[in-house]
Structure formats: C-alpha cells, structure tokens
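Novice: What follows is final03.txt; its format and atoms are compact mmCIF, N, CA and C atoms.
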# COMPACT_ATOMS: atom_id res chain seq x y z
N MET C 102 8.20 69.23 218.43
CA MET C 102 8.17 68.67 219.77
C MET C 102 6.93 67.79 219.93
N THR C 103 7.01 66.93 220.91
CA THR C 103 5.92 66.00 221.16
C THR C 103 5.98 65.55 222.62
N TYR C 104 5.06 64.72 222.99
CA TYR C 104 5.07 64.11 224.32
C TYR C 104 5.69 62.72 224.22
N VAL C 105 6.28 62.28 225.32
CA VAL C 105 6.88 60.95 225.37
C VAL C 105 6.44 60.27 226.67
N ILE C 106 6.48 58.95 226.65
CA ILE C 106 6.17 58.15 227.82
C ILE C 106 7.47 57.52 228.30
N ALA C 107 7.71 57.58 229.62
CA ALA C 107 8.98 57.16 230.19
C ALA C 107 8.83 55.97 231.15
N LEU C 108 9.88 55.69 231.87
CA LEU C 108 10.03 54.51 232.71
C LEU C 108 8.84 54.20 233.64
N PRO C 109 8.20 55.17 234.29
CA PRO C 109 7.12 54.80 235.21
C PRO C 109 5.98 54.00 234.56
N CYS C 110 5.88 54.03 233.25
CA CYS C 110 4.82 53.28 232.56
C CYS C 110 5.18 51.80 232.38
N VAL C 111 6.46 51.48 232.38
CA VAL C 111 6.89 50.11 232.10
C VAL C 111 6.28 49.16 233.13
N ASP C 112 5.64 48.14 232.63
CA ASP C 112 4.97 47.10 233.41
C ASP C 112 3.76 47.60 234.20
N VAL C 113 3.31 48.84 233.91
CA VAL C 113 2.11 49.39 234.55
C VAL C 113 0.98 49.52 233.52
N LYS C 114 1.23 50.30 232.46
CA LYS C 114 0.28 50.50 231.36
C LYS C 114 -1.13 50.82 231.85
N ASP C 115 -1.30 51.87 232.62
CA ASP C 115 -2.59 52.24 233.20
C ASP C 115 -3.67 52.54 232.15
N ARG C 116 -3.33 53.12 231.04
CA ARG C 116 -4.22 53.42 229.91
C ARG C 116 -5.15 54.62 230.12
N ALA C 117 -5.08 55.32 231.24
CA ALA C 117 -5.90 56.52 231.42
C ALA C 117 -5.55 57.54 230.33
N CYS C 118 -4.29 57.58 229.94
CA CYS C 118 -3.85 58.50 228.89
C CYS C 118 -4.49 58.17 227.55
N VAL C 119 -4.68 56.88 227.30
CA VAL C 119 -5.30 56.43 226.04
C VAL C 119 -6.72 56.98 225.95
N ASP C 120 -7.44 56.93 227.06
CA ASP C 120 -8.82 57.42 227.08
C ASP C 120 -8.90 58.92 226.83
N GLU C 121 -7.86 59.67 227.20
CA GLU C 121 -7.86 61.13 227.04
C GLU C 121 -7.34 61.61 225.70
N CYS C 122 -6.58 60.79 225.00
CA CYS C 122 -5.97 61.23 223.74
C CYS C 122 -7.04 61.41 222.65
N PRO C 123 -7.20 62.65 222.16
CA PRO C 123 -8.25 62.90 221.17
C PRO C 123 -7.97 62.33 219.78
N ILE C 124 -6.71 61.96 219.52
CA ILE C 124 -6.41 61.45 218.18
C ILE C 124 -5.94 60.00 218.19
N ASP C 125 -6.02 59.33 219.34
CA ASP C 125 -5.70 57.90 219.43
C ASP C 125 -4.27 57.61 218.98
N CYS C 126 -3.32 58.40 219.50
CA CYS C 126 -1.92 58.21 219.07
C CYS C 126 -1.05 57.54 220.13
N ILE C 127 -1.67 56.90 221.13
CA ILE C 127 -0.90 56.20 222.15
C ILE C 127 -1.06 54.70 221.89
N TYR C 128 0.06 54.10 221.50
CA TYR C 128 0.08 52.69 221.10
C TYR C 128 0.60 51.82 222.23
N GLU C 129 0.18 50.57 222.24
CA GLU C 129 0.51 49.68 223.34
C GLU C 129 1.42 48.55 222.89
N GLY C 130 2.56 48.45 223.58
CA GLY C 130 3.45 47.31 223.41
C GLY C 130 3.21 46.34 224.55
N PRO C 131 3.92 45.23 224.59
CA PRO C 131 3.72 44.26 225.66
C PRO C 131 3.99 44.80 227.07
N ARG C 132 4.95 45.73 227.20
CA ARG C 132 5.32 46.22 228.55
C ARG C 132 5.08 47.70 228.77
N MET C 133 4.83 48.46 227.73
CA MET C 133 4.74 49.91 227.88
C MET C 133 3.84 50.52 226.81
N LEU C 134 3.31 51.69 227.11
CA LEU C 134 2.57 52.50 226.13
C LEU C 134 3.55 53.48 225.50
N TYR C 135 3.30 53.85 224.26
CA TYR C 135 4.18 54.76 223.50
C TYR C 135 3.35 55.84 222.82
N VAL C 136 3.82 57.07 222.87
CA VAL C 136 3.21 58.14 222.07
C VAL C 136 3.80 58.03 220.68
N ASN C 137 2.93 57.94 219.68
CA ASN C 137 3.43 57.96 218.31
C ASN C 137 3.82 59.40 218.01
N THR C 138 5.10 59.65 218.00
CA THR C 138 5.62 61.01 217.84
C THR C 138 5.35 61.59 216.46
N GLU C 139 4.96 60.75 215.52
CA GLU C 139 4.62 61.24 214.18
C GLU C 139 3.15 61.64 214.09
N GLU C 140 2.33 61.18 215.02
CA GLU C 140 0.91 61.49 215.01
C GLU C 140 0.50 62.49 216.10
N CYS C 141 1.27 62.59 217.16
CA CYS C 141 0.94 63.45 218.29
C CYS C 141 0.80 64.91 217.85
N ILE C 142 -0.25 65.56 218.32
CA ILE C 142 -0.49 66.97 217.97
C ILE C 142 -0.14 67.91 219.12
N ASP C 143 0.54 67.40 220.13
CA ASP C 143 1.01 68.21 221.26
C ASP C 143 -0.12 68.88 222.04
N CYS C 144 -1.26 68.24 222.15
CA CYS C 144 -2.38 68.86 222.88
C CYS C 144 -2.18 68.80 224.40
N GLY C 145 -1.43 67.79 224.87
CA GLY C 145 -1.15 67.68 226.29
C GLY C 145 -2.23 67.00 227.11
N ALA C 146 -3.28 66.49 226.49
CA ALA C 146 -4.37 65.86 227.25
C ALA C 146 -3.91 64.62 228.01
N CYS C 147 -2.92 63.94 227.50
CA CYS C 147 -2.46 62.70 228.11
C CYS C 147 -1.68 62.93 229.40
N GLU C 148 -0.92 64.00 229.47
CA GLU C 148 0.00 64.21 230.60
C GLU C 148 -0.70 64.23 231.96
N PRO C 149 -1.72 65.05 232.18
CA PRO C 149 -2.35 65.06 233.51
C PRO C 149 -3.16 63.80 233.80
N ALA C 150 -3.49 63.02 232.79
CA ALA C 150 -4.28 61.81 232.99
C ALA C 150 -3.45 60.65 233.53
N CYS C 151 -2.15 60.72 233.39
CA CYS C 151 -1.28 59.61 233.79
C CYS C 151 -1.12 59.55 235.30
N PRO C 152 -1.60 58.48 235.94
CA PRO C 152 -1.53 58.40 237.40
C PRO C 152 -0.13 58.13 237.94
N VAL C 153 0.79 57.67 237.09
CA VAL C 153 2.15 57.39 237.55
C VAL C 153 3.15 58.44 237.06
N GLU C 154 2.65 59.52 236.48
CA GLU C 154 3.47 60.63 236.00
C GLU C 154 4.60 60.17 235.09
N ALA C 155 4.23 59.39 234.07
CA ALA C 155 5.19 58.86 233.12
C ALA C 155 5.27 59.67 231.83
N ILE C 156 4.39 60.64 231.65
CA ILE C 156 4.31 61.38 230.38
C ILE C 156 4.88 62.77 230.55
N TYR C 157 5.75 63.12 229.60
CA TYR C 157 6.44 64.42 229.64
C TYR C 157 6.45 65.04 228.26
N PHE C 158 6.39 66.38 228.26
CA PHE C 158 6.70 67.09 227.02
C PHE C 158 8.15 66.79 226.72
N GLU C 159 8.48 66.54 225.49
CA GLU C 159 9.82 66.08 225.11
C GLU C 159 10.95 66.86 225.78
N ASP C 160 10.87 68.18 225.77
CA ASP C 160 11.94 68.99 226.36
C ASP C 160 11.97 68.94 227.88
N ASP C 161 10.90 68.46 228.50
CA ASP C 161 10.81 68.40 229.96
C ASP C 161 11.08 67.01 230.53
N THR C 162 11.43 66.07 229.69
CA THR C 162 11.71 64.72 230.16
C THR C 162 12.93 64.75 231.07
N PRO C 163 12.84 64.17 232.27
CA PRO C 163 14.00 64.16 233.17
C PRO C 163 15.23 63.54 232.49
N ASP C 164 16.39 64.07 232.81
CA ASP C 164 17.63 63.62 232.19
C ASP C 164 17.82 62.11 232.29
N GLU C 165 17.47 61.53 233.42
CA GLU C 165 17.68 60.08 233.59
C GLU C 165 16.77 59.25 232.70
N TRP C 166 15.77 59.87 232.10
CA TRP C 166 14.86 59.15 231.21
C TRP C 166 14.92 59.66 229.77
N ARG C 167 15.94 60.41 229.40
CA ARG C 167 16.06 60.94 228.04
C ARG C 167 16.01 59.85 226.98
N GLU C 168 16.55 58.69 227.29
CA GLU C 168 16.57 57.60 226.31
C GLU C 168 15.15 57.16 225.93
N PHE C 169 14.17 57.47 226.76
CA PHE C 169 12.79 57.12 226.43
C PHE C 169 12.24 58.01 225.31
N THR C 170 12.80 59.20 225.16
CA THR C 170 12.43 60.04 224.02
C THR C 170 12.80 59.33 222.73
N THR C 171 14.01 58.82 222.68
CA THR C 171 14.47 58.07 221.50
C THR C 171 13.64 56.81 221.31
N ALA C 172 13.34 56.12 222.41
CA ALA C 172 12.55 54.89 222.31
C ALA C 172 11.17 55.16 221.71
N ASN C 173 10.50 56.24 222.17
CA ASN C 173 9.20 56.60 221.60
C ASN C 173 9.33 56.96 220.13
N GLN C 174 10.37 57.72 219.77
CA GLN C 174 10.57 58.13 218.38
C GLN C 174 10.85 56.93 217.48
N GLU C 175 11.72 56.04 217.92
CA GLU C 175 12.06 54.87 217.10
C GLU C 175 10.88 53.89 217.00
N PHE C 176 10.15 53.72 218.09
CA PHE C 176 8.95 52.88 218.06
C PHE C 176 7.96 53.45 217.04
N SER C 177 7.79 54.77 217.06
CA SER C 177 6.89 55.45 216.13
C SER C 177 7.34 55.29 214.69
N ALA C 178 8.64 55.39 214.47
CA ALA C 178 9.17 55.27 213.11
C ALA C 178 8.87 53.89 212.51
N THR C 179 8.88 52.86 213.35
CA THR C 179 8.57 51.53 212.83
C THR C 179 7.09 51.38 212.49
N LEU C 180 6.23 52.17 213.17
CA LEU C 180 4.79 52.13 212.90
C LEU C 180 4.38 52.97 211.71
N GLY C 181 5.08 54.09 211.52
CA GLY C 181 4.62 55.07 210.55
C GLY C 181 3.42 55.80 211.12
N THR C 182 2.43 56.05 210.30
CA THR C 182 1.23 56.76 210.75
C THR C 182 -0.02 55.94 210.40
N PRO C 183 -0.28 54.89 211.19
CA PRO C 183 -1.45 54.06 210.88
C PRO C 183 -2.78 54.73 211.16
N GLY C 184 -2.76 55.89 211.83
CA GLY C 184 -4.00 56.65 212.01
C GLY C 184 -4.85 56.22 213.19
N GLY C 185 -4.26 55.64 214.19
CA GLY C 185 -5.00 55.29 215.38
C GLY C 185 -4.61 53.96 215.97
N ALA C 186 -4.47 53.95 217.27
CA ALA C 186 -4.01 52.75 217.97
C ALA C 186 -5.10 51.74 218.24
N ALA C 187 -6.33 52.19 218.41
CA ALA C 187 -7.42 51.31 218.84
C ALA C 187 -7.59 50.09 217.93
N ARG C 188 -7.49 50.30 216.67
CA ARG C 188 -7.73 49.18 215.75
C ARG C 188 -6.58 48.19 215.70
N LEU C 189 -5.39 48.59 216.20
CA LEU C 189 -4.23 47.69 216.17
C LEU C 189 -4.12 46.82 217.42
N GLY C 190 -4.67 47.27 218.53
CA GLY C 190 -4.57 46.51 219.77
C GLY C 190 -3.14 46.50 220.29
N VAL C 191 -2.83 45.51 221.11
CA VAL C 191 -1.48 45.39 221.67
C VAL C 191 -0.54 44.90 220.57
N LEU C 192 0.50 45.67 220.34
CA LEU C 192 1.48 45.30 219.32
C LEU C 192 2.42 44.23 219.87
N PRO C 193 3.01 43.43 219.00
CA PRO C 193 3.77 42.26 219.48
C PRO C 193 5.13 42.56 220.11
N ASN C 194 5.70 43.73 219.84
CA ASN C 194 7.06 44.00 220.32
C ASN C 194 7.17 45.37 220.96
N ASP C 195 8.04 45.44 221.98
CA ASP C 195 8.43 46.72 222.56
C ASP C 195 9.71 47.18 221.88
N HIS C 196 10.04 48.45 222.10
CA HIS C 196 11.33 48.96 221.67
C HIS C 196 12.40 48.13 222.40
N PRO C 197 13.55 47.86 221.78
CA PRO C 197 14.59 47.06 222.42
C PRO C 197 15.02 47.56 223.80
N LEU C 198 15.05 48.88 224.00
CA LEU C 198 15.40 49.42 225.31
C LEU C 198 14.43 48.93 226.38
N ILE C 199 13.15 48.94 226.06
CA ILE C 199 12.11 48.54 227.01
C ILE C 199 12.15 47.02 227.21
N ALA C 200 12.28 46.30 226.13
CA ALA C 200 12.30 44.84 226.21
C ALA C 200 13.46 44.34 227.08
N ALA C 201 14.57 45.07 227.10
CA ALA C 201 15.75 44.66 227.86
C ALA C 201 15.70 45.03 229.33
N LEU C 202 14.74 45.86 229.73
CA LEU C 202 14.67 46.27 231.14
C LEU C 202 14.25 45.11 232.04
N PRO C 203 14.78 45.06 233.26
CA PRO C 203 14.29 44.06 234.20
C PRO C 203 12.85 44.38 234.57
N PRO C 204 12.12 43.42 235.11
CA PRO C 204 10.74 43.71 235.57
C PRO C 204 10.75 44.88 236.56
N GLN C 205 9.78 45.76 236.39
CA GLN C 205 9.70 46.94 237.25
C GLN C 205 8.79 46.65 238.44
N PRO C 206 9.15 47.15 239.62
CA PRO C 206 8.30 46.94 240.78
C PRO C 206 6.97 47.68 240.62
N PRO C 207 5.93 47.19 241.27
CA PRO C 207 4.63 47.88 241.19
C PRO C 207 4.75 49.32 241.71
N ALA C 208 4.01 50.21 241.09
CA ALA C 208 4.06 51.64 241.47
C ALA C 208 3.48 51.87 242.83
Output the structure of this file as structure tokens.

Specialist:
Amino acid sequence: MTYVIALPCVDVKDRACVDECPIDCIYEGPRMLYVNTEECIDCGACEPACPVEAIYFEDDTPDEWREFTTANQEFSATLGTPGGAARLGVLPNDHPLIAALPPQPPA
C-alpha cells in the first residue's frame, strides 16, 4: 500500500506535502503532484500537510477518485526509482488522465 494524490491537487500544486516528505518521493508534473508509489515508505507525513486534502492512503481514496490511484502508479512506473524528486524539478508530462482534465477551479 501507499499514498496517492487525487483531484484536489490538479492545478493547485501547493507543495506543502513535498516539504514534509522525508524521502523526497513526491514528484511534480505540469498540473499535479504525484506520489512515487515505488519509493513511498507509507510514513503518512504528507497527508496532514496537504491544505486541499488531496492525499489519501491508497485504500482510503474516495471511490470517485479511484482512477488517481492508477494515475499515481502509472506515473511512478514511467519514472522508476530515481531516488528523489528535488533534483528532477518539474517533469515535462502529466499522466494522460490528468492532462485530459479540464482546468480546475481555484480551491
């Protein structure tokens, strides 16, 4: 199991979760942040730090946002385990699900 980031993060990207992650496993795409599900150690530090409540333990993700679990997993699979997001900066592409979403209203 792991943590995932869901719809409330799209077009917000607050980054408070990034500051709390002890292993730097939250990567940034153009429209959303993603937990690298292959690097996450399930510590939970990111969840309470998120001001828009976009982070969920995988099994607790609301049903209407289940597809974000897959999006985080597939995004992670394309990255592998680079060992930290800070050195990569903003990555050039979002997962196709995220890229296809209409612009989200401000939180």

Novice: As JSON, numbers by chain, please: every residue in segment 119-152 of chain C that a backbone DSSP assignment puts in strand (DSSP E).

Specialist: {"C": [127, 128, 129, 134, 135, 136]}

Novice: I'd like the neighbourhood of segment 166-169 of chain C as a list in words, where a residue qualifies if any of its atoms comes within 8 Å (using only N, CA and C atoms), though same-chain residues fewer than 3 positions away should be ignored.

Specialist: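 After dropping sequence-adjacent residues, the list is Val105, Ile106, Ala107, Leu108, Thr162, Pro163, Ala172, Asn173, Gln174, Glu175 and Leu198 of chain C.
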
Novice: Which residues, written as a count of residues only, have at least one atom at most 8 Å from Gly130 of chain C, with all atoms listed in the file counted and residues fewer than 5 positions away on the same chain left out?

Specialist: 8

Novice: When you count only N, CA and C atoms, which of these residues is closest to Thr138 of chain C: C:Ala186, C:Pro206, C:Tyr157, C:Thr103?

Specialist: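 Under the stated criterion, the closest residue is C:Thr103.
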
Novice: Run DSSP on the backbone of this structure and report the residues of chain C it assigns to helix (DSSP H, G or I), as a PDB file with N, CA and C atoms, in the coordinates of the input.

Specialist:
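Resulting contents of states.pdb:
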ATOM      1  N   LEU C 108       9.880  55.690 231.870  1.00  0.00           N
ATOM      2  CA  LEU C 108      10.030  54.510 232.710  1.00  0.00           C
ATOM      3  C   LEU C 108       8.840  54.200 233.640  1.00  0.00           C
ATOM      4  N   PRO C 109       8.200  55.170 234.290  1.00  0.00           N
ATOM      5  CA  PRO C 109       7.120  54.800 235.210  1.00  0.00           C
ATOM      6  C   PRO C 109       5.980  54.000 234.560  1.00  0.00           C
ATOM      7  N   CYS C 110       5.880  54.030 233.250  1.00  0.00           N
ATOM      8  CA  CYS C 110       4.820  53.280 232.560  1.00  0.00           C
ATOM      9  C   CYS C 110       5.180  51.800 232.380  1.00  0.00           C
ATOM     10  N   ALA C 117      -5.080  55.320 231.240  1.00  0.00           N
ATOM     11  CA  ALA C 117      -5.900  56.520 231.420  1.00  0.00           C
ATOM     12  C   ALA C 117      -5.550  57.540 230.330  1.00  0.00           C
ATOM     13  N   CYS C 118      -4.290  57.580 229.940  1.00  0.00           N
ATOM     14  CA  CYS C 118      -3.850  58.500 228.890  1.00  0.00           C
ATOM     15  C   CYS C 118      -4.490  58.170 227.550  1.00  0.00           C
ATOM     16  N   VAL C 119      -4.680  56.880 227.300  1.00  0.00           N
ATOM     17  CA  VAL C 119      -5.300  56.430 226.040  1.00  0.00           C
ATOM     18  C   VAL C 119      -6.720  56.980 225.950  1.00  0.00           C
ATOM     19  N   ASP C 120      -7.440  56.930 227.060  1.00  0.00           N
ATOM     20  CA  ASP C 120      -8.820  57.420 227.080  1.00  0.00           C
ATOM     21  C   ASP C 120      -8.900  58.920 226.830  1.00  0.00           C
ATOM     22  N   GLU C 121      -7.860  59.670 227.200  1.00  0.00           N
ATOM     23  CA  GLU C 121      -7.860  61.130 227.040  1.00  0.00           C
ATOM     24  C   GLU C 121      -7.340  61.610 225.700  1.00  0.00           C
ATOM     25  N   CYS C 147      -2.920  63.940 227.500  1.00  0.00           N
ATOM     26  CA  CYS C 147      -2.460  62.700 228.110  1.00  0.00           C
ATOM     27  C   CYS C 147      -1.680  62.930 229.400  1.00  0.00           C
ATOM     28  N   GLU C 148      -0.920  64.000 229.470  1.00  0.00           N
ATOM     29  CA  GLU C 148       0.000  64.210 230.600  1.00  0.00           C
ATOM     30  C   GLU C 148      -0.700  64.230 231.960  1.00  0.00           C
ATOM     31  N   PRO C 149      -1.720  65.050 232.180  1.00  0.00           N
ATOM     32  CA  PRO C 149      -2.350  65.060 233.510  1.00  0.00           C
ATOM     33  C   PRO C 149      -3.160  63.800 233.800  1.00  0.00           C
ATOM     34  N   ALA C 150      -3.490  63.020 232.790  1.00  0.00           N
ATOM     35  CA  ALA C 150      -4.280  61.810 232.990  1.00  0.00           C
ATOM     36  C   ALA C 150      -3.450  60.650 233.530  1.00  0.00           C
ATOM     37  N   GLU C 159       8.480  66.540 225.490  1.00  0.00           N
ATOM     38  CA  GLU C 159       9.820  66.080 225.110  1.00  0.00           C
ATOM     39  C   GLU C 159      10.950  66.860 225.780  1.00  0.00           C
ATOM     40  N   ASP C 160      10.870  68.180 225.770  1.00  0.00           N
ATOM     41  CA  ASP C 160      11.940  68.990 226.360  1.00  0.00           C
ATOM     42  C   ASP C 160      11.970  68.940 227.880  1.00  0.00           C
ATOM     43  N   ASP C 161      10.900  68.460 228.500  1.00  0.00           N
ATOM     44  CA  ASP C 161      10.810  68.400 229.960  1.00  0.00           C
ATOM     45  C   ASP C 161      11.080  67.010 230.530  1.00  0.00           C
ATOM     46  N   ASP C 164      16.390  64.070 232.810  1.00  0.00           N
ATOM     47  CA  ASP C 164      17.630  63.620 232.190  1.00  0.00           C
ATOM     48  C   ASP C 164      17.820  62.110 232.290  1.00  0.00           C
ATOM     49  N   GLU C 165      17.470  61.530 233.420  1.00  0.00           N
ATOM     50  CA  GLU C 165      17.680  60.080 233.590  1.00  0.00           C
ATOM     51  C   GLU C 165      16.770  59.250 232.700  1.00  0.00           C
ATOM     52  N   TRP C 166      15.770  59.870 232.100  1.00  0.00           N
ATOM     53  CA  TRP C 166      14.860  59.150 231.210  1.00  0.00           C
ATOM     54  C   TRP C 166      14.920  59.660 229.770  1.00  0.00           C
ATOM     55  N   GLU C 168      16.550  58.690 227.290  1.00  0.00           N
ATOM     56  CA  GLU C 168      16.570  57.600 226.310  1.00  0.00           C
ATOM     57  C   GLU C 168      15.150  57.160 225.930  1.00  0.00           C
ATOM     58  N   PHE C 169      14.170  57.470 226.760  1.00  0.00           N
ATOM     59  CA  PHE C 169      12.790  57.120 226.430  1.00  0.00           C
ATOM     60  C   PHE C 169      12.240  58.010 225.310  1.00  0.00           C
ATOM     61  N   THR C 170      12.800  59.200 225.160  1.00  0.00           N
ATOM     62  CA  THR C 170      12.430  60.040 224.020  1.00  0.00           C
ATOM     63  C   THR C 170      12.800  59.330 222.730  1.00  0.00           C
ATOM     64  N   THR C 171      14.010  58.820 222.680  1.00  0.00           N
ATOM     65  CA  THR C 171      14.470  58.070 221.500  1.00  0.00           C
ATOM     66  C   THR C 171      13.640  56.810 221.310  1.00  0.00           C
ATOM     67  N   ALA C 172      13.340  56.120 222.410  1.00  0.00           N
ATOM     68  CA  ALA C 172      12.550  54.890 222.310  1.00  0.00           C
ATOM     69  C   ALA C 172      11.170  55.160 221.710  1.00  0.00           C
ATOM     70  N   ASN C 173      10.500  56.240 222.170  1.00  0.00           N
ATOM     71  CA  ASN C 173       9.200  56.600 221.600  1.00  0.00           C
ATOM     72  C   ASN C 173       9.330  56.960 220.130  1.00  0.00           C
ATOM     73  N   GLN C 174      10.370  57.720 219.770  1.00  0.00           N
ATOM     74  CA  GLN C 174      10.570  58.130 218.380  1.00  0.00           C
ATOM     75  C   GLN C 174      10.850  56.930 217.480  1.00  0.00           C
ATOM     76  N   GLU C 175      11.720  56.040 217.920  1.00  0.00           N
ATOM     77  CA  GLU C 175      12.060  54.870 217.100  1.00  0.00           C
ATOM     78  C   GLU C 175      10.880  53.890 217.000  1.00  0.00           C
ATOM     79  N   PHE C 176      10.150  53.720 218.090  1.00  0.00           N
ATOM     80  CA  PHE C 176       8.950  52.880 218.060  1.00  0.00           C
ATOM     81  C   PHE C 176       7.960  53.450 217.040  1.00  0.00           C
ATOM     82  N   SER C 177       7.790  54.770 217.060  1.00  0.00           N
ATOM     83  CA  SER C 177       6.890  55.450 216.130  1.00  0.00           C
ATOM     84  C   SER C 177       7.340  55.290 214.690  1.00  0.00           C
ATOM     85  N   ALA C 178       8.640  55.390 214.470  1.00  0.00           N
ATOM     86  CA  ALA C 178       9.170  55.270 213.110  1.00  0.00           C
ATOM     87  C   ALA C 178       8.870  53.890 212.510  1.00  0.00           C
ATOM     88  N   THR C 179       8.880  52.860 213.350  1.00  0.00           N
ATOM     89  CA  THR C 179       8.570  51.530 212.830  1.00  0.00           C
ATOM     90  C   THR C 179       7.090  51.380 212.490  1.00  0.00           C
ATOM     91  N   LEU C 180       6.230  52.170 213.170  1.00  0.00           N
ATOM     92  CA  LEU C 180       4.790  52.130 212.900  1.00  0.00           C
ATOM     93  C   LEU C 180       4.380  52.970 211.710  1.00  0.00           C
ATOM     94  N   PRO C 197      13.550  47.860 221.780  1.00  0.00           N
ATOM     95  CA  PRO C 197      14.590  47.060 222.420  1.00  0.00           C
ATOM     96  C   PRO C 197      15.020  47.560 223.800  1.00  0.00           C
ATOM     97  N   LEU C 198      15.050  48.880 224.000  1.00  0.00           N
ATOM     98  CA  LEU C 198      15.400  49.420 225.310  1.00  0.00           C
ATOM     99  C   LEU C 198      14.430  48.930 226.380  1.00  0.00           C
ATOM    100  N   ILE C 199      13.150  48.940 226.060  1.00  0.00           N
ATOM    101  CA  ILE C 199      12.110  48.540 227.010  1.00  0.00           C
ATOM    102  C   ILE C 199      12.150  47.020 227.210  1.00  0.00           C
ATOM    103  N   ALA C 200      12.280  46.300 226.130  1.00  0.00           N
ATOM    104  CA  ALA C 200      12.300  44.840 226.210  1.00  0.00           C
ATOM    105  C   ALA C 200      13.460  44.340 227.080  1.00  0.00           C
TER     106      ALA C 200
END

Novice: Figure out the distance between atom CA of Gly145 of chain C and atom N of Met133 of chain C, please, to one decimal in Å.

Specialist: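 Separation between atom N of Met133 of chain C and atom CA of Gly145 of chain C: 20.2 Å.
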
Novice: Could you model N, CA, C and O atoms for segment 158-169 of chain C and present them as a PDB file, in the coordinates of the input?

Specialist:
ATOM      1  N   PHE C 158       6.390  66.380 228.260  1.00  0.00           N
ATOM      2  CA  PHE C 158       6.700  67.090 227.020  1.00  0.00           C
ATOM      3  C   PHE C 158       8.150  66.790 226.720  1.00  0.00           C
ATOM      4  O   PHE C 158       8.983  66.738 227.641  1.00  0.00           O
ATOM      5  N   GLU C 159       8.480  66.540 225.490  1.00  0.00           N
ATOM      6  CA  GLU C 159       9.820  66.080 225.110  1.00  0.00           C
ATOM      7  C   GLU C 159      10.950  66.860 225.780  1.00  0.00           C
ATOM      8  O   GLU C 159      11.873  66.271 226.345  1.00  0.00           O
ATOM      9  N   ASP C 160      10.870  68.180 225.770  1.00  0.00           N
ATOM     10  CA  ASP C 160      11.940  68.990 226.360  1.00  0.00           C
ATOM     11  C   ASP C 160      11.970  68.940 227.880  1.00  0.00           C
ATOM     12  O   ASP C 160      12.953  69.324 228.498  1.00  0.00           O
ATOM     13  N   ASP C 161      10.900  68.460 228.500  1.00  0.00           N
ATOM     14  CA  ASP C 161      10.810  68.400 229.960  1.00  0.00           C
ATOM     15  C   ASP C 161      11.080  67.010 230.530  1.00  0.00           C
ATOM     16  O   ASP C 161      10.982  66.815 231.742  1.00  0.00           O
ATOM     17  N   THR C 162      11.430  66.070 229.690  1.00  0.00           N
ATOM     18  CA  THR C 162      11.710  64.720 230.160  1.00  0.00           C
ATOM     19  C   THR C 162      12.930  64.750 231.070  1.00  0.00           C
ATOM     20  O   THR C 162      13.965  65.324 230.705  1.00  0.00           O
ATOM     21  N   PRO C 163      12.840  64.170 232.270  1.00  0.00           N
ATOM     22  CA  PRO C 163      14.000  64.160 233.170  1.00  0.00           C
ATOM     23  C   PRO C 163      15.230  63.540 232.490  1.00  0.00           C
ATOM     24  O   PRO C 163      15.101  62.597 231.701  1.00  0.00           O
ATOM     25  N   ASP C 164      16.390  64.070 232.810  1.00  0.00           N
ATOM     26  CA  ASP C 164      17.630  63.620 232.190  1.00  0.00           C
ATOM     27  C   ASP C 164      17.820  62.110 232.290  1.00  0.00           C
ATOM     28  O   ASP C 164      18.277  61.469 231.343  1.00  0.00           O
ATOM     29  N   GLU C 165      17.470  61.530 233.420  1.00  0.00           N
ATOM     30  CA  GLU C 165      17.680  60.080 233.590  1.00  0.00           C
ATOM     31  C   GLU C 165      16.770  59.250 232.700  1.00  0.00           C
ATOM     32  O   GLU C 165      16.995  58.041 232.540  1.00  0.00           O
ATOM     33  N   TRP C 166      15.770  59.870 232.100  1.00  0.00           N
ATOM     34  CA  TRP C 166      14.860  59.150 231.210  1.00  0.00           C
ATOM     35  C   TRP C 166      14.920  59.660 229.770  1.00  0.00           C
ATOM     36  O   TRP C 166      14.034  59.364 228.957  1.00  0.00           O
ATOM     37  N   ARG C 167      15.940  60.410 229.400  1.00  0.00           N
ATOM     38  CA  ARG C 167      16.060  60.940 228.040  1.00  0.00           C
ATOM     39  C   ARG C 167      16.010  59.850 226.980  1.00  0.00           C
ATOM     40  O   ARG C 167      15.508  60.060 225.878  1.00  0.00           O
ATOM     41  N   GLU C 168      16.550  58.690 227.290  1.00  0.00           N
ATOM     42  CA  GLU C 168      16.570  57.600 226.310  1.00  0.00           C
ATOM     43  C   GLU C 168      15.150  57.160 225.930  1.00  0.00           C
ATOM     44  O   GLU C 168      14.954  56.568 224.862  1.00  0.00           O
ATOM     45  N   PHE C 169      14.170  57.470 226.760  1.00  0.00           N
ATOM     46  CA  PHE C 169      12.790  57.120 226.430  1.00  0.00           C
ATOM     47  C   PHE C 169      12.240  58.010 225.310  1.00  0.00           C
ATOM     48  O   PHE C 169      11.330  57.596 224.584  1.00  0.00           O
TER      49      PHE C 169
END
